[in-house]
>>> print(open('model04.cif').read())   # mmCIF, C-alpha atoms
data_model
loop_
_atom_site.label_atom_id
_atom_site.label_comp_id
_atom_site.auth_asym_id
_atom_site.auth_seq_id
_atom_site.Cartn_x
_atom_site.Cartn_y
_atom_site.Cartn_z
CA MET F 1 -3.79 -38.63 -55.25
CA ARG F 2 -6.00 -39.49 -52.36
CA ALA F 3 -9.13 -38.57 -54.24
CA LEU F 4 -9.04 -42.18 -55.37
CA PRO F 5 -9.54 -45.20 -53.15
CA GLY F 6 -6.58 -47.28 -52.11
CA LYS F 7 -3.60 -46.33 -50.08
CA ALA F 8 -0.81 -44.35 -51.66
CA SER F 9 1.91 -46.69 -52.78
CA ARG F 10 5.56 -45.92 -53.02
CA GLN F 11 6.30 -49.30 -54.60
CA PRO F 12 8.44 -49.08 -57.67
CA PRO F 13 7.00 -50.89 -60.65
CA GLY F 14 8.57 -54.22 -61.54
CA PRO F 15 9.13 -57.12 -59.19
CA GLU F 16 6.20 -59.12 -57.78
CA PRO F 17 4.37 -57.11 -55.12
CA VAL F 18 3.78 -58.61 -51.70
CA SER F 19 0.18 -59.80 -51.91
CA ARG F 20 -2.11 -60.39 -54.83
CA ALA F 21 -5.01 -58.41 -53.33
CA ALA F 22 -2.88 -55.39 -52.59
CA SER F 23 -1.43 -55.65 -56.04
CA ALA F 24 -4.83 -55.72 -57.77
CA GLU F 25 -5.99 -52.69 -55.81
CA ASP F 26 -2.76 -50.90 -56.56
CA GLN F 27 -3.08 -51.71 -60.26
CA ARG F 28 -6.60 -50.29 -60.37
CA ARG F 29 -5.50 -47.18 -58.56
CA ARG F 30 -2.60 -46.66 -60.95
CA ILE F 31 -4.86 -47.19 -63.97
CA LEU F 32 -7.44 -44.69 -62.70
CA GLU F 33 -4.82 -42.10 -61.81
CA ALA F 34 -3.29 -42.44 -65.25
CA THR F 35 -6.74 -42.14 -66.85
CA ALA F 36 -7.53 -38.98 -64.85
CA GLY F 37 -4.22 -37.35 -65.72
CA LEU F 38 -4.45 -38.12 -69.42
CA VAL F 39 -8.10 -37.11 -69.77
CA ALA F 40 -7.41 -33.87 -67.89
CA GLU F 41 -4.43 -33.05 -70.10
CA GLN F 42 -5.74 -33.93 -73.54
CA GLY F 43 -9.45 -34.76 -73.30
CA TYR F 44 -11.32 -38.06 -73.24
CA ALA F 45 -11.47 -38.69 -76.98
CA GLU F 46 -7.72 -38.31 -77.44
CA THR F 47 -6.89 -40.67 -74.59
CA THR F 48 -6.03 -44.22 -75.60
CA ILE F 49 -5.63 -47.44 -73.65
CA GLU F 50 -2.06 -47.58 -74.90
CA GLN F 51 -1.31 -44.26 -73.20
CA ILE F 52 -3.09 -45.37 -70.03
CA VAL F 53 -1.14 -48.61 -69.63
CA ARG F 54 2.13 -46.85 -70.38
CA ARG F 55 1.54 -44.15 -67.78
CA ALA F 56 0.11 -46.58 -65.23
CA ARG F 57 3.04 -48.92 -65.85
CA VAL F 58 0.87 -51.96 -66.24
CA GLY F 59 0.49 -54.38 -69.13
CA TYR F 60 -2.49 -54.55 -71.48
CA ALA F 61 -3.52 -57.83 -69.87
CA THR F 62 -3.66 -56.13 -66.48
CA PHE F 63 -5.78 -53.31 -67.85
CA TYR F 64 -8.25 -55.73 -69.43
CA LYS F 65 -8.35 -57.85 -66.29
CA HIS F 66 -9.89 -54.87 -64.49
CA TYR F 67 -11.73 -52.93 -67.19
CA GLU F 68 -13.36 -53.87 -70.44
CA ASP F 69 -12.45 -50.64 -72.21
CA LYS F 70 -11.51 -46.99 -71.77
CA GLN F 71 -15.07 -46.01 -70.98
CA GLU F 72 -15.35 -48.51 -68.14
CA ALA F 73 -12.10 -47.23 -66.64
CA PHE F 74 -13.31 -43.65 -66.92
CA LEU F 75 -16.67 -44.46 -65.32
CA ALA F 76 -14.86 -46.24 -62.49
CA LEU F 77 -12.75 -43.12 -62.03
CA MET F 78 -15.86 -40.95 -61.86
CA ASP F 79 -17.61 -43.25 -59.41
CA ALA F 80 -14.60 -43.30 -57.10
CA ALA F 81 -14.05 -39.54 -57.28
CA VAL F 82 -17.73 -38.68 -56.79
CA GLU F 83 -18.03 -41.06 -53.82
CA ARG F 84 -14.90 -39.72 -52.23
CA THR F 85 -15.85 -36.07 -52.79
CA ALA F 86 -19.43 -36.51 -51.59
CA TYR F 87 -18.12 -38.27 -48.49
CA VAL F 88 -15.66 -35.47 -47.68
CA VAL F 89 -18.23 -32.72 -48.32
CA GLU F 90 -21.01 -34.41 -46.34
CA GLU F 91 -18.67 -35.15 -43.48
CA ALA F 92 -17.52 -31.52 -43.25
CA TYR F 93 -21.16 -30.39 -43.40
CA ASP F 94 -22.23 -32.81 -40.64
CA ARG F 95 -19.24 -32.10 -38.42
CA GLU F 96 -19.99 -28.37 -38.36
CA ASP F 97 -22.56 -28.01 -35.60
CA GLY F 98 -23.31 -24.32 -36.13
CA PRO F 99 -26.33 -23.01 -38.05
CA TRP F 100 -27.15 -24.17 -41.57
CA ALA F 101 -25.18 -21.40 -43.29
CA ASP F 102 -22.02 -22.45 -41.42
CA LYS F 103 -22.61 -26.04 -42.49
CA VAL F 104 -22.86 -24.98 -46.13
CA GLY F 105 -19.63 -23.02 -45.73
CA ALA F 106 -17.88 -26.07 -44.27
CA GLY F 107 -19.10 -28.35 -47.08
CA LEU F 108 -18.18 -25.86 -49.78
CA GLY F 109 -14.74 -25.35 -48.23
CA ALA F 110 -14.18 -29.11 -48.31
CA LEU F 111 -15.28 -29.31 -51.95
CA LEU F 112 -12.89 -26.53 -53.02
CA LYS F 113 -10.08 -28.16 -51.06
CA VAL F 114 -10.57 -31.56 -52.74
CA ALA F 115 -10.69 -29.95 -56.20
CA ALA F 116 -7.58 -27.85 -55.47
CA GLU F 117 -5.63 -30.86 -54.24
CA HIS F 118 -6.64 -33.10 -57.14
CA PRO F 119 -6.98 -30.79 -60.12
CA GLY F 120 -6.46 -33.59 -62.65
CA VAL F 121 -9.25 -35.73 -61.24
CA ALA F 122 -11.46 -32.65 -60.82
CA ARG F 123 -10.93 -31.55 -64.39
CA ALA F 124 -11.48 -35.05 -65.77
CA CYS F 125 -14.72 -35.53 -63.81
CA LEU F 126 -16.17 -32.01 -64.06
CA VAL F 127 -15.02 -30.55 -67.35
CA GLU F 128 -14.37 -33.62 -69.49
CA ALA F 129 -17.12 -35.95 -68.22
CA PRO F 130 -19.78 -34.60 -70.60
CA THR F 131 -17.47 -35.52 -73.51
CA ALA F 132 -17.27 -39.17 -72.47
CA GLY F 133 -20.71 -40.29 -73.58
CA PRO F 134 -24.19 -40.50 -72.07
CA GLU F 135 -23.30 -42.70 -69.09
CA ALA F 136 -20.61 -40.33 -67.92
CA ALA F 137 -22.95 -37.39 -68.48
CA ALA F 138 -25.62 -39.12 -66.39
CA ARG F 139 -23.13 -39.61 -63.54
CA HIS F 140 -22.19 -35.94 -63.77
CA GLU F 141 -25.87 -35.05 -63.44
CA ALA F 142 -26.34 -37.46 -60.52
CA ALA F 143 -23.34 -35.94 -58.74
CA LEU F 144 -24.93 -32.50 -59.01
CA LYS F 145 -28.12 -33.82 -57.42
CA ARG F 146 -26.22 -35.14 -54.40
CA PHE F 147 -25.47 -31.63 -53.22
CA ALA F 148 -29.06 -30.42 -53.41
CA PRO F 149 -30.17 -31.87 -50.02
CA LEU F 150 -27.41 -29.89 -48.29
CA LEU F 151 -28.88 -26.60 -49.54
CA GLN F 152 -32.54 -27.56 -49.14
CA PRO F 153 -32.82 -26.60 -45.41
CA GLY F 154 -32.17 -22.98 -46.46
CA ARG F 155 -35.76 -22.86 -47.69
CA GLU F 156 -36.97 -22.86 -44.09
CA LEU F 157 -35.19 -19.53 -43.62
CA ASN F 158 -37.01 -17.92 -46.52
CA PRO F 159 -40.44 -16.38 -45.89
CA ARG F 160 -41.52 -17.03 -49.49
CA ALA F 161 -40.07 -20.53 -49.62
CA ASP F 162 -43.03 -21.90 -51.57
CA LYS F 163 -42.24 -19.49 -54.43
CA LEU F 164 -38.59 -20.45 -54.82
CA PRO F 165 -37.85 -22.25 -58.09
CA GLU F 166 -38.12 -26.00 -57.74
CA SER F 167 -34.67 -26.63 -59.19
CA LEU F 168 -33.02 -23.83 -57.21
CA GLU F 169 -30.55 -26.05 -55.33
CA GLU F 170 -29.22 -27.78 -58.44
CA THR F 171 -29.06 -24.52 -60.34
CA LEU F 172 -27.01 -22.92 -57.55
CA ALA F 173 -24.68 -25.92 -57.47
CA GLY F 174 -24.35 -25.54 -61.24
CA GLY F 175 -23.35 -21.89 -60.84
CA VAL F 176 -20.62 -22.78 -58.36
CA LEU F 177 -19.36 -25.69 -60.47
CA TRP F 178 -19.22 -23.38 -63.48
CA VAL F 179 -16.81 -21.06 -61.67
CA ILE F 180 -14.77 -24.06 -60.45
CA ASN F 181 -14.62 -25.32 -64.04
CA GLN F 182 -13.42 -21.92 -65.23
CA ARG F 183 -10.47 -22.12 -62.86
CA LEU F 184 -9.71 -25.71 -63.86
CA ILE F 185 -9.86 -24.88 -67.58
CA ALA F 186 -7.52 -21.93 -67.00
CA GLY F 187 -5.14 -24.23 -65.08
CA GLU F 188 -5.58 -22.15 -61.94
CA ALA F 189 -6.42 -24.82 -59.39
CA GLU F 190 -4.39 -22.92 -56.80
CA LYS F 191 -7.02 -20.15 -56.90
CA LEU F 192 -9.91 -22.49 -56.09
CA ARG F 193 -9.83 -22.20 -52.32
CA ALA F 194 -9.98 -18.40 -52.45
CA LEU F 195 -13.42 -18.75 -54.07
CA LEU F 196 -14.96 -19.79 -50.75
CA PRO F 197 -16.44 -16.45 -49.59
CA GLU F 198 -17.92 -15.45 -52.94
CA ALA F 199 -19.24 -18.89 -53.81
CA LEU F 200 -20.78 -19.12 -50.34
CA GLU F 201 -22.47 -15.75 -50.76
CA PHE F 202 -23.85 -16.93 -54.10
CA LEU F 203 -25.25 -20.11 -52.53
CA LEU F 204 -26.83 -18.39 -49.54
CA ARG F 205 -28.26 -15.24 -51.16
CA PRO F 206 -31.51 -16.73 -52.53
CA TYR F 207 -32.38 -18.14 -49.10
CA VAL F 208 -31.37 -15.42 -46.65
CA GLY F 209 -30.91 -12.29 -48.80
CA GLU F 210 -27.73 -10.41 -49.57
CA ASP F 211 -26.94 -8.85 -46.20
CA ALA F 212 -27.01 -12.10 -44.24
CA ALA F 213 -25.25 -13.98 -47.06
CA ALA F 214 -22.48 -11.38 -47.22
CA ARG F 215 -22.01 -11.44 -43.44
CA GLU F 216 -21.70 -15.20 -43.46
CA ALA F 217 -19.34 -15.10 -46.45
CA GLY F 218 -17.18 -12.50 -44.72
CA GLY F 219 -16.88 -14.78 -41.72
CA ALA F 220 -15.97 -17.77 -43.88
CA GLY F 221 -13.39 -15.69 -45.77
CA ALA F 222 -11.74 -14.61 -42.53
CA ALA F 223 -11.79 -18.17 -41.16
CA SER F 224 -10.22 -19.68 -44.28
CA ALA F 225 -7.55 -16.96 -44.67
CA MET Y 226 -33.52 -36.88 -102.23
CA ALA Y 227 -35.60 -34.99 -99.74
CA ASP Y 228 -32.94 -32.55 -98.73
CA GLU Y 229 -32.29 -31.38 -102.25
CA GLU Y 230 -34.56 -28.39 -101.92
CA THR Y 231 -32.96 -27.05 -98.81
CA LEU Y 232 -29.33 -27.98 -99.23
CA GLY Y 233 -29.14 -29.07 -102.83
CA PRO Y 234 -25.82 -29.34 -104.62
CA LEU Y 235 -24.66 -26.75 -107.08
CA PRO Y 236 -25.41 -27.84 -110.62
CA ALA Y 237 -22.42 -29.42 -112.24
CA GLY Y 238 -20.53 -27.67 -114.98
CA ARG Y 239 -20.94 -24.02 -115.91
CA HIS Y 240 -22.98 -22.28 -113.26
CA GLY Y 241 -21.76 -18.71 -113.49
CA PHE Y 242 -20.48 -18.53 -109.90
CA SER Y 243 -16.98 -17.29 -109.25
CA ARG Y 244 -14.48 -19.60 -107.59
CA GLU Y 245 -14.83 -17.56 -104.36
CA GLN Y 246 -18.59 -17.77 -104.41
CA VAL Y 247 -18.46 -21.53 -104.83
CA ALA Y 248 -15.93 -21.88 -102.03
CA HIS Y 249 -18.02 -19.70 -99.71
CA ASN Y 250 -21.12 -21.66 -100.56
CA GLN Y 251 -19.36 -24.95 -99.92
CA ARG Y 252 -18.19 -23.78 -96.52
CA GLU Y 253 -21.71 -22.74 -95.57
CA ARG Y 254 -23.09 -26.04 -96.80
CA LEU Y 255 -20.56 -27.93 -94.71
CA ILE Y 256 -21.50 -25.92 -91.63
CA ALA Y 257 -25.20 -26.53 -92.19
CA ALA Y 258 -24.50 -30.23 -92.82
CA LEU Y 259 -22.56 -30.53 -89.58
CA ALA Y 260 -25.44 -28.94 -87.65
CA THR Y 261 -27.89 -31.41 -89.17
CA ALA Y 262 -25.62 -34.40 -88.53
CA VAL Y 263 -24.92 -33.36 -84.93
CA ALA Y 264 -28.63 -32.95 -84.26
CA GLU Y 265 -29.25 -36.45 -85.59
CA LYS Y 266 -26.38 -38.41 -84.06
CA GLY Y 267 -24.60 -36.25 -81.52
CA TYR Y 268 -21.15 -34.79 -82.03
CA ARG Y 269 -19.18 -37.85 -81.01
CA ALA Y 270 -20.84 -40.18 -83.49
CA VAL Y 271 -20.70 -37.81 -86.46
CA THR Y 272 -18.07 -38.67 -89.07
CA ILE Y 273 -16.52 -36.49 -91.77
CA THR Y 274 -18.33 -38.75 -94.24
CA ASP Y 275 -21.69 -37.89 -92.65
CA ILE Y 276 -20.91 -34.23 -93.13
CA THR Y 277 -19.63 -34.45 -96.70
CA GLN Y 278 -22.51 -36.70 -97.79
CA GLN Y 279 -25.06 -34.37 -96.29
CA ALA Y 280 -23.34 -31.34 -97.86
CA ARG Y 281 -22.72 -33.19 -101.12
CA VAL Y 282 -19.14 -32.20 -101.40
CA SER Y 283 -15.98 -34.28 -101.53
CA ARG Y 284 -13.70 -35.01 -98.62
CA ARG Y 285 -11.09 -32.88 -100.35
CA VAL Y 286 -13.42 -29.89 -100.20
CA PHE Y 287 -14.04 -30.56 -96.50
CA TYR Y 288 -10.33 -30.53 -95.77
CA GLU Y 289 -9.82 -27.41 -97.87
CA ASN Y 290 -12.20 -25.66 -95.48
CA PHE Y 291 -11.59 -27.33 -92.15
CA GLU Y 292 -8.77 -29.22 -90.56
CA SER Y 293 -11.06 -31.43 -88.53
CA LYS Y 294 -14.59 -32.15 -87.38
CA GLU Y 295 -13.83 -30.04 -84.34
CA GLU Y 296 -12.91 -27.01 -86.45
CA CYS Y 297 -16.10 -27.41 -88.47
CA PHE Y 298 -18.10 -27.62 -85.23
CA LEU Y 299 -16.46 -24.46 -83.92
CA ALA Y 300 -17.33 -22.66 -87.15
CA ALA Y 301 -20.97 -23.72 -86.81
CA PHE Y 302 -20.98 -22.68 -83.15
CA GLU Y 303 -19.61 -19.24 -84.06
CA VAL Y 304 -22.23 -18.72 -86.77
CA VAL Y 305 -25.07 -19.47 -84.37
CA VAL Y 306 -23.56 -17.44 -81.54
CA GLY Y 307 -23.09 -14.46 -83.86
CA HIS Y 308 -26.75 -14.66 -84.81
CA ILE Y 309 -27.85 -14.91 -81.18
CA ARG Y 310 -25.76 -11.89 -80.24
CA GLU Y 311 -27.54 -9.86 -82.91
CA LEU Y 312 -30.96 -11.03 -81.74
CA ALA Y 313 -30.15 -10.18 -78.13
CA ALA Y 314 -28.81 -6.74 -79.02
CA GLU Y 315 -31.85 -5.98 -81.16
CA ALA Y 316 -34.25 -7.08 -78.44
CA ALA Y 317 -32.46 -5.01 -75.80
CA LEU Y 318 -32.41 -1.84 -77.87
CA PRO Y 319 -35.93 -0.47 -77.20
CA ALA Y 320 -35.83 -1.12 -73.44
CA ASP Y 321 -35.13 1.97 -71.41
CA ASP Y 322 -33.36 0.67 -68.35
CA TRP Y 323 -30.83 -1.98 -67.51
CA SER Y 324 -33.17 -4.56 -66.01
CA HIS Y 325 -35.55 -4.47 -68.97
CA ARG Y 326 -32.64 -4.62 -71.43
CA ALA Y 327 -31.24 -7.66 -69.65
CA LEU Y 328 -34.57 -9.47 -69.55
CA ALA Y 329 -35.42 -8.62 -73.16
CA ALA Y 330 -32.06 -10.04 -74.28
CA ALA Y 331 -32.52 -13.18 -72.18
CA ALA Y 332 -36.04 -13.67 -73.53
CA ALA Y 333 -34.80 -13.30 -77.13
CA VAL Y 334 -32.10 -15.94 -76.60
CA LEU Y 335 -34.56 -18.38 -75.03
CA ARG Y 336 -37.09 -17.78 -77.80
CA PHE Y 337 -34.48 -18.45 -80.49
CA PHE Y 338 -33.45 -21.73 -78.88
CA ALA Y 339 -37.09 -22.74 -78.39
CA GLU Y 340 -37.72 -22.20 -82.10
CA GLU Y 341 -34.49 -23.93 -83.15
CA PRO Y 342 -34.18 -26.97 -80.89
CA ASP Y 343 -31.44 -28.53 -83.05
CA LEU Y 344 -29.29 -25.43 -82.70
CA ALA Y 345 -30.11 -25.27 -78.99
CA LYS Y 346 -28.69 -28.76 -78.67
CA LEU Y 347 -25.61 -27.85 -80.67
CA CYS Y 348 -24.91 -24.71 -78.63
CA LEU Y 349 -25.87 -25.80 -75.13
CA VAL Y 350 -25.36 -29.56 -74.96
CA GLU Y 351 -23.02 -30.74 -77.71
CA SER Y 352 -20.64 -27.82 -77.19
CA GLN Y 353 -20.03 -29.09 -73.67
CA ALA Y 354 -19.53 -32.62 -74.96
CA ALA Y 355 -17.26 -31.99 -77.94
CA GLY Y 356 -13.88 -31.96 -76.26
CA PRO Y 357 -11.53 -29.56 -74.47
CA ALA Y 358 -11.05 -26.93 -77.21
CA VAL Y 359 -14.79 -26.57 -77.78
CA ALA Y 360 -15.54 -26.57 -74.05
CA ALA Y 361 -13.04 -23.75 -73.57
CA ARG Y 362 -14.67 -21.76 -76.39
CA PHE Y 363 -18.10 -22.42 -74.89
CA HIS Y 364 -16.93 -21.05 -71.53
CA GLU Y 365 -15.43 -17.99 -73.21
CA THR Y 366 -18.60 -17.34 -75.20
CA VAL Y 367 -20.84 -17.54 -72.14
CA GLY Y 368 -18.37 -15.39 -70.21
CA ALA Y 369 -18.66 -12.67 -72.87
CA ALA Y 370 -22.14 -11.93 -71.51
CA ALA Y 371 -20.72 -11.02 -68.09
CA PRO Y 372 -20.08 -7.32 -68.89
CA TYR Y 373 -23.78 -6.88 -69.78
CA LEU Y 374 -24.83 -8.27 -66.41
CA GLU Y 375 -22.16 -6.21 -64.72
CA GLN Y 376 -23.92 -3.04 -65.82
CA GLY Y 377 -26.51 -3.98 -63.22
CA ARG Y 378 -24.00 -3.04 -60.54
CA ALA Y 379 -24.82 0.61 -61.26
CA GLU Y 380 -28.37 -0.11 -60.04
CA ARG Y 381 -27.16 -1.01 -56.58
CA PRO Y 382 -27.29 1.40 -53.66
CA GLU Y 383 -23.93 2.83 -52.64
CA GLY Y 384 -21.96 0.67 -50.29
CA ARG Y 385 -20.68 -2.82 -50.55
CA ASP Y 386 -19.29 -4.17 -53.85
CA LEU Y 387 -20.52 -7.51 -55.12
CA PRO Y 388 -17.90 -10.29 -55.31
CA PRO Y 389 -16.08 -10.41 -58.68
CA THR Y 390 -17.41 -13.88 -59.62
CA THR Y 391 -21.08 -12.86 -59.19
CA GLU Y 392 -21.73 -12.60 -62.94
CA ASP Y 393 -19.90 -15.83 -63.79
CA SER Y 394 -21.79 -17.80 -61.14
CA THR Y 395 -25.06 -16.37 -62.42
CA LEU Y 396 -24.21 -17.28 -66.01
CA GLY Y 397 -23.18 -20.78 -64.93
CA ALA Y 398 -26.53 -21.22 -63.21
CA LEU Y 399 -28.39 -20.00 -66.31
CA VAL Y 400 -26.42 -22.35 -68.56
CA LEU Y 401 -27.26 -25.25 -66.31
CA LEU Y 402 -30.97 -24.38 -66.23
CA ALA Y 403 -31.18 -24.06 -70.01
CA SER Y 404 -28.90 -26.93 -71.01
CA ARG Y 405 -30.70 -29.39 -68.74
CA LYS Y 406 -34.00 -28.53 -70.35
CA VAL Y 407 -32.47 -29.05 -73.80
CA ALA Y 408 -30.78 -32.30 -72.78
CA ALA Y 409 -34.16 -33.52 -71.51
CA GLY Y 410 -35.59 -32.95 -75.00
CA GLU Y 411 -37.64 -29.96 -73.85
CA ALA Y 412 -35.94 -27.23 -75.88
CA GLU Y 413 -39.31 -26.13 -77.27
CA GLN Y 414 -40.42 -25.24 -73.73
CA LEU Y 415 -37.32 -23.18 -72.96
CA GLU Y 416 -39.31 -19.98 -72.56
CA GLU Y 417 -40.81 -21.50 -69.40
CA VAL Y 418 -37.54 -20.87 -67.59
CA LEU Y 419 -37.71 -17.12 -68.21
CA PRO Y 420 -39.09 -16.26 -64.73
CA ASP Y 421 -36.29 -18.27 -63.09
CA PHE Y 422 -33.80 -16.60 -65.42
CA ALA Y 423 -35.17 -13.20 -64.45
CA GLU Y 424 -34.83 -13.93 -60.76
CA PHE Y 425 -31.24 -15.15 -61.12
CA ILE Y 426 -30.22 -12.26 -63.35
CA LEU Y 427 -31.76 -9.46 -61.28
CA ALA Y 428 -31.38 -10.62 -57.66
CA PRO Y 429 -27.74 -9.55 -57.14
CA TYR Y 430 -28.45 -6.03 -58.36
CA LEU Y 431 -32.04 -5.23 -57.35
CA GLY Y 432 -32.27 -7.46 -54.29
CA VAL Y 433 -33.95 -10.84 -53.91
CA GLU Y 434 -37.42 -9.40 -53.19
CA ALA Y 435 -37.59 -6.95 -56.09
CA ALA Y 436 -36.15 -9.54 -58.45
CA ALA Y 437 -38.80 -12.06 -57.45
CA GLY Y 438 -41.52 -9.45 -58.05
CA ILE Y 439 -40.30 -8.74 -61.57
CA ALA Y 440 -39.81 -12.44 -62.25
CA ARG Y 441 -43.44 -13.13 -61.30
CA SER Y 442 -44.64 -10.39 -63.63
CA GLN Y 443 -42.61 -12.07 -66.38
CA ALA Y 444 -44.40 -15.32 -65.73
CA ALA Y 445 -47.81 -13.66 -65.97
#
>>> encode(input="model04.cif", output="structure tokens")
Amino acid sequence: MRALPGKASRQPPGPEPVSRAASAEDQRRRILEATAGLVAEQGYAETTIEQIVRRARVGYATFYKHYEDKQEAFLALMDAAVERTAYVVEEAYDREDGPWADKVGAGLGALLKVAAEHPGVARACLVEAPTAGPEAAARHEAALKRFAPLLQPGRELNPRADKLPESLEETLAGGVLWVINQRLIAGEAEKLRALLPEALEFLLRPYVGEDAAAREAGGAGAASA
Amino acid sequence: MADEETLGPLPAGRHGFSREQVAHNQRERLIAALATAVAEKGYRAVTITDITQQARVSRRVFYENFESKEECFLAAFEVVVGHIRELAAEAALPADDWSHRALAAAAAVLRFFAEEPDLAKLCLVESQAAGPAVAARFHETVGAAAPYLEQGRAERPEGRDLPPTTEDSTLGALVLLASRKVAAGEAEQLEEVLPDFAEFILAPYLGVEAAAGIARSQAA
């Protein structure tokens, strides 16, 4: 689960790990992975600290050394996953040196890939986050806003840019996340990556019109196939 | 008690109602009580006691009707959604083409939520916050509107087919627009988003330009 910080560990639980620092990081990673898995499977409200420590194979004392309660662990999970995802998406967007539409395609492809590879984390942070209280909901909202600047340059391509709705970028991101959530709720994470051409067309259409959006989406579909 | 007029208890003793009528009435009172409690405290904080006190029935009666708070919430959600479906269908009826039907239905839904901010919160915000079963039902309910949008495909010139997820993405965008407004405490101003709604709904079928034109006329 590389959506979370910390290197993957193959250490079996039990005997004293090599260094204290590595061990603390590993403990946090195990706790957050366990939290993501449990929240994805059964929802936030049903998840207990007892289940988390059992799945993470740590003691209660270890859990409380790192997090005050379930909510703090969940918020730490969200922060880590959002940071990691935003980094991957922004990097893919920046690395693509073609026109703006290609950059959006690269960023969207990276987003779908991360979600497909870490469906538990994705489901916990996208679908279940609103159930975990106002702070988690606020983080969910903030995450949505991070993608807006990547779409914003599309306005320069639109002759009536000044008439586009102010919240267009966030609304479009919401439309794409909705379809991602549908797949996650249906347990069809393996279908996420195939969404690239249609989700890209949806994102581009308001800026460049259908014909150009469909052409770009066709290209992205062929490239990802 | 202030709420006695609106949701008063049945008089004790002989009241002439059949057992079924009483049971039905109790169920409705519980649903109304849940809606009130959720509007006040949010779904997570609401307890069964809040609901039974508000409805003035015993816990036993609650559990005769519902297995859990979640089940009671789903029942309330269904009641409101059923009502909204009727409003939308009624509003769409007089319109003589697809685009006007779609916009009339959307306007009716927004107007209802603007007039009933507590129910707007229940349907659009709390339903996304009330746990996996409710979230799944919320997704299903929103998805049930997709076939109505899909009728817009007949308006398109011959040629290329729209991608299959077009309607779902559009609905997701609309849900986000509306639920954000409600979450920000601006449910009463929901009708302001109608022009944006119109543009999102119509653009895939009539083209971005034509959709924007109609959306602007909606705003006027």
>>> atom_distance(input="model04.cif", atom1="CA of Asp322 (chain Y)", atom2="CA of Leu335 (chain Y)")
20.2 Å
>>> interface_residues(input="model04.cif", of="chain Y", to="chain F", cutoff="8 Å", atoms="all atoms listed in the file", output="ChimeraX atom specification")
/Y:269,353-357,360-361,364,388-391,393-399,401-402,421,428-429,432-433
>>> atom_distance(input="model04.cif", atom1="CA of Ala403 (chain Y)", atom2="CA of Phe363 (chain Y)")
14.1 Å
>>> atom_distance(input="model04.cif", atom1="CA of Ile52 (chain F)", atom2="CA of Cys125 (chain F)")
16.5 Å
>>> resolve_selection(input="model04.cif", expression="the PyMOL selection byres ((chain F and resi 74-78) around 7)", output="ChimeraX atom specification")
/F:32,35,70-73,79-82,125,136
>>> closest_residue(input="model04.cif", among="F:Tyr67, F:Ala194, F:Leu150, F:His140", to="Ala92 (chain F)", atoms="all atoms listed in the file")
F:Leu150
>>> closest_residue(input="model04.cif", among="F:Ala116, F:Leu157, F:Ala148, F:Leu126", to="Ala213 (chain F)", atoms="all atoms listed in the file")
F:Leu157
>>> resolve_selection(input="model04.cif", expression="the PyMOL selection byres ((chain Y and resi 254) around 9)", output="tab-separated table (two decimals) with C-alpha atoms, in the coordinates of the input")
chain	number	residue	atom	x	y	z
Y	232	LEU	CA	-29.33	-27.98	-99.23
Y	234	PRO	CA	-25.82	-29.34	-104.62
Y	249	HIS	CA	-18.02	-19.70	-99.71
Y	250	ASN	CA	-21.12	-21.66	-100.56
Y	251	GLN	CA	-19.36	-24.95	-99.92
Y	252	ARG	CA	-18.19	-23.78	-96.52
Y	253	GLU	CA	-21.71	-22.74	-95.57
Y	255	LEU	CA	-20.56	-27.93	-94.71
Y	256	ILE	CA	-21.50	-25.92	-91.63
Y	257	ALA	CA	-25.20	-26.53	-92.19
Y	258	ALA	CA	-24.50	-30.23	-92.82
Y	259	LEU	CA	-22.56	-30.53	-89.58
Y	279	GLN	CA	-25.06	-34.37	-96.29
Y	280	ALA	CA	-23.34	-31.34	-97.86
Y	281	ARG	CA	-22.72	-33.19	-101.12
Y	282	VAL	CA	-19.14	-32.20	-101.40
>>> resolve_selection(input="model04.cif", expression="the PyMOL selection byres ((chain Y and resi 309-320) around 9)", output="PyMOL selection string")
chain Y and resi 304-308+321-334+337
>>> closest_residue(input="model04.cif", among="Y:Ala409, Y:Ala339, Y:Leu431, Y:Val359", to="Gly377 (chain Y)", atoms="all atoms listed in the file")
Y:Leu431
>>> closest_residue(input="model04.cif", among="F:Ala101, F:Val89, F:Ala189, F:Ala220", to="Arg155 (chain F)", atoms="only C-alpha atoms")
F:Ala101
>>> axis_aligned_box(input="model04.cif", around="region 389-404 of chain Y", padding_each_side="6 Å", output="lines of an AutoDock Vina configuration file")
center_x = -23.6
center_y = -18.7
center_z = -64.8
size_x = 27.1
size_y = 28.5
size_z = 24.3
>>> residues_near_point(input="model04.cif", point="(-12.3, -27.3, -88.8)", cutoff="12 Å", atoms="only C-alpha atoms", output="ChimeraX atom specification")
/Y:252,255-256,259,273,276,286-303,358-359
>>> closest_residue(input="model04.cif", among="Y:Glu351, Y:Val407, Y:Pro342, Y:Glu417", to="Ala270 (chain Y)", atoms="only C-alpha atoms")
Y:Glu351
>>> residues_around(input="model04.cif", residues="Pro99 (chain F)", least_positions_apart="5", cutoff="12 Å", atoms="all atoms listed in the file", output="number ranges by chain")
F: 93-94, 104-106, 153-154, 157, 216
>>> closest_residue(input="model04.cif", among="Y:Ser283, Y:Gln443, Y:Ser404, Y:Thr277", to="Ala262 (chain Y)", atoms="only C-alpha atoms")
Y:Thr277
